[in-house]
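K.L.:
Here you go, this is coords-v5.cif (mmCIF, C-alpha atoms, pLDDT in the B column; chains and numbers go by the auth columns).
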data_query
#
loop_
_atom_site.group_PDB
_atom_site.id
_atom_site.type_symbol
_atom_site.label_atom_id
_atom_site.label_comp_id
_atom_site.label_asym_id
_atom_site.label_seq_id
_atom_site.Cartn_x
_atom_site.Cartn_y
_atom_site.Cartn_z
_atom_site.B_iso_or_equiv
_atom_site.auth_seq_id
_atom_site.auth_asym_id
ATOM 1 C CA MET A 1 0.000 0.000 0.000 51.00 1 A
ATOM 2 C CA ILE A 2 2.927 2.358 0.503 57.00 2 A
ATOM 3 C CA VAL A 3 3.482 2.180 -3.267 61.00 3 A
ATOM 4 C CA ALA A 4 -0.032 3.584 -3.803 62.00 4 A
ATOM 5 C CA HIS A 5 0.777 6.493 -1.465 61.00 5 A
ATOM 6 C CA ILE A 6 4.017 7.242 -3.271 65.00 6 A
ATOM 7 C CA LEU A 7 2.341 6.965 -6.676 68.00 7 A
ATOM 8 C CA LEU A 8 -0.477 9.292 -5.612 65.00 8 A
ATOM 9 C CA MET A 9 1.993 11.887 -4.303 66.00 9 A
ATOM 10 C CA LEU A 10 4.148 11.597 -7.434 71.00 10 A
ATOM 11 C CA ILE A 11 1.178 12.130 -9.731 72.00 11 A
ATOM 12 C CA SER A 12 -0.022 15.030 -7.550 67.00 12 A
ATOM 13 C CA GLY A 13 3.433 16.593 -7.690 69.00 13 A
ATOM 14 C CA ILE A 14 3.597 16.288 -11.484 73.00 14 A
ATOM 15 C CA ILE A 15 0.136 17.835 -11.869 69.00 15 A
ATOM 16 C CA PHE A 16 1.074 20.604 -9.422 68.00 16 A
ATOM 17 C CA PHE A 17 4.310 21.338 -11.320 70.00 17 A
ATOM 18 C CA VAL A 18 2.492 21.404 -14.675 68.00 18 A
ATOM 19 C CA CYS A 19 -0.205 23.716 -13.341 64.00 19 A
ATOM 20 C CA LEU A 20 2.390 26.097 -11.893 64.00 20 A
ATOM 21 C CA ILE A 21 4.135 26.246 -15.261 64.00 21 A
ATOM 22 C CA GLY A 22 0.718 26.864 -16.863 61.00 22 A
ATOM 23 C CA LEU A 23 0.010 29.707 -14.434 60.00 23 A
ATOM 24 C CA VAL A 24 3.426 31.322 -14.900 58.00 24 A
ATOM 25 C CA PHE A 25 3.375 31.141 -18.703 57.00 25 A
ATOM 26 C CA GLU A 26 -0.218 32.267 -19.056 56.00 26 A
ATOM 27 C CA GLU A 27 -1.416 32.907 -22.603 57.00 27 A
ATOM 28 C CA GLU A 28 -4.698 34.020 -24.014 57.00 28 A
ATOM 29 C CA ASP A 29 -5.355 30.682 -25.735 58.00 29 A
ATOM 30 C CA GLY A 30 -6.913 29.146 -22.643 52.00 30 A
ATOM 31 C CA TYR A 31 -3.798 27.907 -20.847 51.00 31 A
ATOM 32 C CA PHE A 32 -4.851 29.723 -17.671 52.00 32 A
ATOM 33 C CA TYR A 33 -8.048 27.673 -17.482 53.00 33 A
ATOM 34 C CA VAL A 34 -6.193 24.361 -17.967 54.00 34 A
ATOM 35 C CA GLY A 35 -3.566 25.397 -15.386 56.00 35 A
ATOM 36 C CA PHE A 36 -6.206 26.473 -12.888 65.00 36 A
ATOM 37 C CA THR A 37 -8.150 23.208 -13.329 67.00 37 A
ATOM 38 C CA SER A 38 -5.050 21.092 -12.799 64.00 38 A
ATOM 39 C CA PHE A 39 -4.189 23.236 -9.765 68.00 39 A
ATOM 40 C CA ILE A 40 -7.606 22.526 -8.218 74.00 40 A
ATOM 41 C CA ILE A 41 -7.270 18.795 -8.987 72.00 41 A
ATOM 42 C CA CYS A 42 -3.832 18.770 -7.385 68.00 42 A
ATOM 43 C CA ILE A 43 -5.072 20.549 -4.246 76.00 43 A
ATOM 44 C CA VAL A 44 -7.960 18.056 -3.940 77.00 44 A
ATOM 45 C CA LEU A 45 -5.553 15.097 -4.302 74.00 45 A
ATOM 46 C CA VAL A 46 -3.122 16.503 -1.726 75.00 46 A
ATOM 47 C CA VAL A 47 -5.943 17.215 0.760 79.00 47 A
ATOM 48 C CA PHE A 48 -7.324 13.693 0.205 77.00 48 A
ATOM 49 C CA PHE A 49 -3.876 12.203 0.822 75.00 49 A
ATOM 50 C CA ILE A 50 -3.345 14.190 4.033 77.00 50 A
ATOM 51 C CA VAL A 51 -6.833 13.365 5.341 78.00 51 A
ATOM 52 C CA GLY A 52 -6.301 9.685 4.468 74.00 52 A
ATOM 53 C CA CYS A 53 -2.976 9.540 6.331 72.00 53 A
ATOM 54 C CA VAL A 54 -4.482 11.229 9.408 76.00 54 A
ATOM 55 C CA LYS A 55 -7.566 8.963 9.378 76.00 55 A
ATOM 56 C CA CYS A 56 -5.350 5.880 9.007 70.00 56 A
ATOM 57 C CA GLU A 57 -3.135 6.940 11.914 75.00 57 A
ATOM 58 C CA LYS A 58 -6.174 7.496 14.158 78.00 58 A
ATOM 59 C CA ALA A 59 -7.815 4.159 13.253 78.00 59 A
ATOM 60 C CA ASN A 60 -7.790 1.308 15.757 82.00 60 A
ATOM 61 C CA TRP A 61 -5.302 -1.544 15.366 79.00 61 A
ATOM 62 C CA VAL A 62 -6.725 -4.890 14.217 81.00 62 A
ATOM 63 C CA THR A 63 -4.572 -7.737 15.495 79.00 63 A
ATOM 64 C CA ASN A 64 -4.524 -11.362 14.437 78.00 64 A
ATOM 65 C CA GLU A 65 -5.208 -13.832 17.226 82.00 65 A
ATOM 66 C CA GLU A 66 -3.041 -16.562 15.672 87.00 66 A
ATOM 67 C CA PRO A 67 0.647 -16.035 14.873 86.00 67 A
ATOM 68 C CA TYR A 68 1.630 -16.369 11.241 84.00 68 A
ATOM 69 C CA ALA A 69 4.961 -17.984 12.225 85.00 69 A
ATOM 70 C CA THR A 70 6.418 -19.692 15.298 84.00 70 A
ATOM 71 C CA GLU A 71 10.037 -20.597 16.004 87.00 71 A
ATOM 72 C CA SER A 72 11.231 -22.781 18.889 86.00 72 A
ATOM 73 C CA ILE A 73 14.311 -21.236 20.456 87.00 73 A
ATOM 74 C CA THR A 74 17.213 -22.977 22.140 88.00 74 A
ATOM 75 C CA ALA A 75 19.069 -19.883 23.400 87.00 75 A
ATOM 76 C CA ILE A 76 18.493 -16.121 23.593 85.00 76 A
ATOM 77 C CA ASN A 77 20.576 -13.079 24.509 85.00 77 A
ATOM 78 C CA ASP A 78 20.187 -9.317 24.328 82.00 78 A
ATOM 79 C CA ASN A 79 22.837 -7.231 22.625 79.00 79 A
ATOM 80 C CA ASN A 80 23.393 -3.604 21.662 76.00 80 A
ATOM 81 C CA LEU A 81 24.349 -3.391 18.010 74.00 81 A
ATOM 82 C CA MET A 82 25.824 -0.282 16.455 75.00 82 A
ATOM 83 C CA ASN A 83 25.550 0.714 12.831 76.00 83 A
ATOM 84 C CA GLY A 84 25.880 3.902 10.862 79.00 84 A
ATOM 85 C CA LYS A 85 26.819 5.589 7.647 82.00 85 A
ATOM 86 C CA PHE A 86 29.378 8.239 6.833 81.00 86 A
ATOM 87 C CA TYR A 87 29.470 10.330 3.698 79.00 87 A
ATOM 88 C CA LEU A 88 31.089 13.618 2.726 79.00 88 A
ATOM 89 C CA ARG A 89 32.403 14.467 6.192 78.00 89 A
ATOM 90 C CA SER A 90 29.082 13.779 7.915 83.00 90 A
ATOM 91 C CA GLY A 91 26.927 10.831 8.882 82.00 91 A
ATOM 92 C CA TYR A 92 25.197 9.136 11.774 78.00 92 A
ATOM 93 C CA ILE A 93 25.612 6.292 14.247 81.00 93 A
ATOM 94 C CA GLU A 94 22.722 4.349 15.748 78.00 94 A
ATOM 95 C CA GLU A 95 22.722 1.932 18.645 78.00 95 A
ATOM 96 C CA ASP A 96 19.761 -0.425 18.954 81.00 96 A
ATOM 97 C CA LEU A 97 18.975 -3.205 21.406 85.00 97 A
ATOM 98 C CA TYR A 98 18.349 -6.572 19.736 87.00 98 A
ATOM 99 C CA TYR A 99 17.351 -9.977 21.020 87.00 99 A
ATOM 100 C CA GLN A 100 19.597 -12.546 19.354 89.00 100 A
ATOM 101 C CA TYR A 101 18.369 -16.120 19.436 89.00 101 A
ATOM 102 C CA ILE A 102 19.239 -19.564 18.104 90.00 102 A
ATOM 103 C CA VAL A 103 16.718 -21.930 16.532 89.00 103 A
ATOM 104 C CA GLN A 104 17.212 -25.585 15.700 84.00 104 A
ATOM 105 C CA LEU A 105 16.452 -26.479 12.087 84.00 105 A
ATOM 106 C CA ASN A 106 14.688 -29.622 10.885 83.00 106 A
ATOM 107 C CA ASN A 107 17.970 -31.064 9.578 88.00 107 A
ATOM 108 C CA GLY A 108 19.581 -30.813 13.036 84.00 108 A
ATOM 109 C CA GLY A 109 21.557 -27.625 12.361 89.00 109 A
ATOM 110 C CA PHE A 110 21.297 -24.339 14.205 90.00 110 A
ATOM 111 C CA LYS A 111 20.639 -20.847 12.886 91.00 111 A
ATOM 112 C CA THR A 112 20.988 -17.469 14.582 90.00 112 A
ATOM 113 C CA ASN A 113 18.479 -14.664 14.120 89.00 113 A
ATOM 114 C CA LYS A 114 17.834 -11.311 15.730 88.00 114 A
ATOM 115 C CA VAL A 115 14.778 -9.208 16.566 88.00 115 A
ATOM 116 C CA LYS A 116 14.752 -5.511 17.381 88.00 116 A
ATOM 117 C CA SER A 117 13.669 -5.100 21.007 85.00 117 A
ATOM 118 C CA SER A 118 11.252 -2.276 20.217 87.00 118 A
ATOM 119 C CA ASN A 119 9.153 -4.764 18.197 87.00 119 A
ATOM 120 C CA ALA A 120 9.212 -7.517 20.842 89.00 120 A
ATOM 121 C CA THR A 121 7.481 -8.310 24.119 89.00 121 A
ATOM 122 C CA LEU A 122 8.888 -10.872 26.575 89.00 122 A
ATOM 123 C CA PHE A 123 6.660 -13.360 28.411 91.00 123 A
ATOM 124 C CA TYR A 124 7.504 -16.089 30.917 91.00 124 A
ATOM 125 C CA ASP A 125 6.585 -19.671 30.027 89.00 125 A
ATOM 126 C CA THR A 126 7.245 -22.978 31.788 86.00 126 A
ATOM 127 C CA ASP A 127 8.291 -25.355 29.027 87.00 127 A
ATOM 128 C CA ASN A 128 7.584 -24.139 25.478 86.00 128 A
ATOM 129 C CA TYR A 129 10.229 -21.506 24.675 89.00 129 A
ATOM 130 C CA ARG A 130 9.358 -19.896 21.366 88.00 130 A
ATOM 131 C CA ILE A 131 9.040 -16.753 19.295 90.00 131 A
ATOM 132 C CA GLU A 132 5.664 -15.979 17.738 91.00 132 A
ATOM 133 C CA TRP A 133 5.312 -13.530 14.838 90.00 133 A
ATOM 134 C CA TYR A 134 2.129 -11.457 14.513 92.00 134 A
ATOM 135 C CA THR A 135 0.868 -8.642 12.311 89.00 135 A
ATOM 136 C CA LYS A 136 -1.459 -5.823 13.182 86.00 136 A
ATOM 137 C CA THR A 137 -3.066 -3.448 10.706 84.00 137 A
ATOM 138 C CA ARG A 138 -5.077 -0.290 10.667 82.00 138 A
ATOM 139 C CA SER A 139 -6.703 1.174 7.599 77.00 139 A
ATOM 140 C CA TRP A 140 -9.032 3.761 6.145 72.00 140 A
ATOM 141 C CA LEU A 141 -10.266 3.385 2.555 71.00 141 A
ATOM 142 C CA TYR A 142 -7.164 2.274 0.644 69.00 142 A
ATOM 143 C CA PHE A 143 -4.693 3.724 3.183 71.00 143 A
ATOM 144 C CA GLU A 144 -3.263 0.830 5.177 77.00 144 A
ATOM 145 C CA HIS A 145 -0.526 0.571 7.807 78.00 145 A
ATOM 146 C CA GLU A 146 0.778 -2.872 8.756 83.00 146 A
ATOM 147 C CA VAL A 147 3.234 -3.604 11.567 84.00 147 A
ATOM 148 C CA THR A 148 4.936 -6.868 12.495 87.00 148 A
ATOM 149 C CA TYR A 149 5.520 -7.550 16.170 89.00 149 A
ATOM 150 C CA VAL A 150 6.996 -10.460 18.107 91.00 150 A
ATOM 151 C CA GLU A 151 6.116 -12.232 21.340 90.00 151 A
ATOM 152 C CA ILE A 152 9.046 -14.077 22.929 90.00 152 A
ATOM 153 C CA TYR A 153 8.361 -16.782 25.530 91.00 153 A
ATOM 154 C CA ILE A 154 11.346 -17.394 27.830 88.00 154 A
ATOM 155 C CA PRO A 155 12.007 -19.446 31.019 88.00 155 A
ATOM 156 C CA GLU A 156 10.855 -18.068 34.363 86.00 156 A
ATOM 157 C CA GLY A 157 13.550 -15.937 36.017 82.00 157 A
ATOM 158 C CA SER A 158 15.520 -15.242 32.813 82.00 158 A
ATOM 159 C CA ILE A 159 15.243 -11.482 33.239 81.00 159 A
ATOM 160 C CA SER A 160 17.673 -10.178 35.834 79.00 160 A
ATOM 161 C CA THR A 161 16.601 -7.270 38.029 79.00 161 A
ATOM 162 C CA ASP A 162 19.949 -5.935 39.190 76.00 162 A
ATOM 163 C CA TYR A 163 20.074 -2.302 40.180 77.00 163 A
ATOM 164 C CA SER A 164 23.445 -0.616 40.502 74.00 164 A
ATOM 165 C CA ILE A 165 24.460 3.000 40.878 77.00 165 A
ATOM 166 C CA ASP A 166 28.133 3.802 40.959 70.00 166 A
ATOM 167 C CA LEU A 167 29.086 7.408 40.565 67.00 167 A
ATOM 168 C CA SER A 168 32.530 6.736 39.212 59.00 168 A
#
Translate this structure into structure tokens?
P.N.:
Amino acid sequence: MIVAHILLMLISGIIFFVCLIGLVFEEEDGYFYVGFTSFIICIVLVVFFIVGCVKCEKANWVTNEEPYATESITAINDNNLMNGKFYLRSGYIEEDLYYQYIVQLNNGGFKTNKVKSSNATLFYDTDNYRIEWYTKTRSWLYFEHEVTYVEIYIPEGSISTDYSIDLS
């Protein structure tokens, strides 16, 4: 659906640019009328796009009750990972918290994966340690916003609650 938003804004921008050129280079052969009509169409499209985005953001989330994927985990750890980009004497560095986990494959091998912690919620479980993948959506007309989130089920007591303040 994001492609539809981009396409709508691109078409609106082209119409807006053409109508501005039509208004600037006004002639008596009727170009002002064509430019003014395209300007009105462009304004209507832009207002519709803005209203659609606002309505979509204010809509309620619809969540799926069943996960679309489940992975059984054998080990999990949290880790801060840094990444960034530098170009022309400027750039940025980001540090995000990830949950890194290992899953056992059907052929007996192991594979490591990671999940961004802002998209995950941890739950305690007694024996079935797993990661469940869900989607939630909200929409208005053809505007749609879909988010993937993760529920991680870990052994009881896996989260440490150590508090430490050292002013050194």
K.L.:
May I have the protein, DNA and RNA residues with any atom at most 10 Å from the point (23.7, 0.5, 8.6), counting only C-alpha atoms, written as a ChimeraX atom specification?
P.N.:
/A:82-86,92-94
K.L.:
Return as a ChimeraX atom specification the set of residues that the PyMOL selection byres ((chain A and resi 117) around 9) yields on the displayed structure.
P.N.:
/A:78,96-99,115-116,118-121
K.L.:
Report, in Å with one decimal, the straight-line distance from CA of Leu10 in chain A to CA of Val46 in chain A.
P.N.:
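These two atoms are separated by 10.5 Å.
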K.L.:
Would you kindly return, as a ChimeraX atom specification, each protein, DNA or RNA residue with an atom no farther than 9 Å from any atom of Lys55 in chain A, considering all atoms listed in the file and excluding same-chain residues fewer than 5 positions away?
P.N.:
/A:50,139-140,143
K.L.:
To test your reading of the syntax: which residues would the PyMOL selection byres ((chain A and resi 109-113) around 12) return for the file shown? Reply as a list in words.
P.N.:
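Output of the PyMOL selection byres ((chain A and resi 109-113) around 12): Glu71, Ser72, Ile73, Thr74, Ala75, Ile76, Asn77, Asp78, Tyr98, Tyr99, Gln100, Tyr101, Ile102, Val103, Gln104, Leu105, Asn106, Asn107, Gly108, Lys114, Val115, Lys116 and Ile131 of chain A.
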K.L.:
Using the atoms already present, construct N, CA and C atoms for range 54-70 of chain A and hand them back as a PDB file, keeping the file's coordinate frame.
P.N.:
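Output contents, as saved in part08.pdb:
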ATOM      1  N   VAL A  54      -4.042  10.913   8.041  1.00 76.00           N
ATOM      2  CA  VAL A  54      -4.482  11.229   9.408  1.00 76.00           C
ATOM      3  C   VAL A  54      -5.540  10.234   9.870  1.00 76.00           C
ATOM      4  N   LYS A  55      -6.522   9.930   9.012  1.00 76.00           N
ATOM      5  CA  LYS A  55      -7.566   8.963   9.378  1.00 76.00           C
ATOM      6  C   LYS A  55      -6.973   7.579   9.635  1.00 76.00           C
ATOM      7  N   CYS A  56      -5.990   7.192   8.828  1.00 70.00           N
ATOM      8  CA  CYS A  56      -5.350   5.880   9.007  1.00 70.00           C
ATOM      9  C   CYS A  56      -4.586   5.835  10.320  1.00 70.00           C
ATOM     10  N   GLU A  57      -3.892   6.916  10.664  1.00 75.00           N
ATOM     11  CA  GLU A  57      -3.135   6.940  11.914  1.00 75.00           C
ATOM     12  C   GLU A  57      -4.046   6.923  13.133  1.00 75.00           C
ATOM     13  N   LYS A  58      -5.250   7.458  13.021  1.00 78.00           N
ATOM     14  CA  LYS A  58      -6.174   7.496  14.158  1.00 78.00           C
ATOM     15  C   LYS A  58      -7.048   6.247  14.246  1.00 78.00           C
ATOM     16  N   ALA A  59      -6.993   5.376  13.252  1.00 78.00           N
ATOM     17  CA  ALA A  59      -7.815   4.159  13.253  1.00 78.00           C
ATOM     18  C   ALA A  59      -7.299   3.183  14.309  1.00 78.00           C
ATOM     19  N   ASN A  60      -8.163   2.312  14.761  1.00 82.00           N
ATOM     20  CA  ASN A  60      -7.790   1.308  15.757  1.00 82.00           C
ATOM     21  C   ASN A  60      -7.018   0.173  15.093  1.00 82.00           C
ATOM     22  N   TRP A  61      -6.070  -0.405  15.858  1.00 79.00           N
ATOM     23  CA  TRP A  61      -5.302  -1.544  15.366  1.00 79.00           C
ATOM     24  C   TRP A  61      -6.190  -2.783  15.352  1.00 79.00           C
ATOM     25  N   VAL A  62      -6.068  -3.583  14.306  1.00 81.00           N
ATOM     26  CA  VAL A  62      -6.725  -4.890  14.217  1.00 81.00           C
ATOM     27  C   VAL A  62      -5.618  -5.929  14.268  1.00 81.00           C
ATOM     28  N   THR A  63      -5.638  -6.748  15.319  1.00 79.00           N
ATOM     29  CA  THR A  63      -4.572  -7.737  15.495  1.00 79.00           C
ATOM     30  C   THR A  63      -5.093  -9.131  15.173  1.00 79.00           C
ATOM     31  N   ASN A  64      -4.201  -9.956  14.687  1.00 78.00           N
ATOM     32  CA  ASN A  64      -4.524 -11.362  14.437  1.00 78.00           C
ATOM     33  C   ASN A  64      -4.347 -12.142  15.730  1.00 78.00           C
ATOM     34  N   GLU A  65      -5.287 -13.023  16.010  1.00 82.00           N
ATOM     35  CA  GLU A  65      -5.208 -13.832  17.226  1.00 82.00           C
ATOM     36  C   GLU A  65      -4.162 -14.932  17.107  1.00 82.00           C
ATOM     37  N   GLU A  66      -3.984 -15.473  15.909  1.00 87.00           N
ATOM     38  CA  GLU A  66      -3.041 -16.562  15.672  1.00 87.00           C
ATOM     39  C   GLU A  66      -1.755 -16.008  15.047  1.00 87.00           C
ATOM     40  N   PRO A  67      -0.604 -16.489  15.504  1.00 86.00           N
ATOM     41  CA  PRO A  67       0.647 -16.035  14.873  1.00 86.00           C
ATOM     42  C   PRO A  67       0.786 -16.610  13.465  1.00 86.00           C
ATOM     43  N   TYR A  68       1.419 -15.849  12.587  1.00 84.00           N
ATOM     44  CA  TYR A  68       1.630 -16.369  11.241  1.00 84.00           C
ATOM     45  C   TYR A  68       2.899 -17.202  11.153  1.00 84.00           C
ATOM     46  N   ALA A  69       3.758 -17.148  12.180  1.00 85.00           N
ATOM     47  CA  ALA A  69       4.961 -17.984  12.225  1.00 85.00           C
ATOM     48  C   ALA A  69       5.365 -18.189  13.681  1.00 85.00           C
ATOM     49  N   THR A  70       5.919 -19.373  13.961  1.00 84.00           N
ATOM     50  CA  THR A  70       6.418 -19.692  15.298  1.00 84.00           C
ATOM     51  C   THR A  70       7.759 -20.382  15.157  1.00 84.00           C
TER      52      THR A  70
END
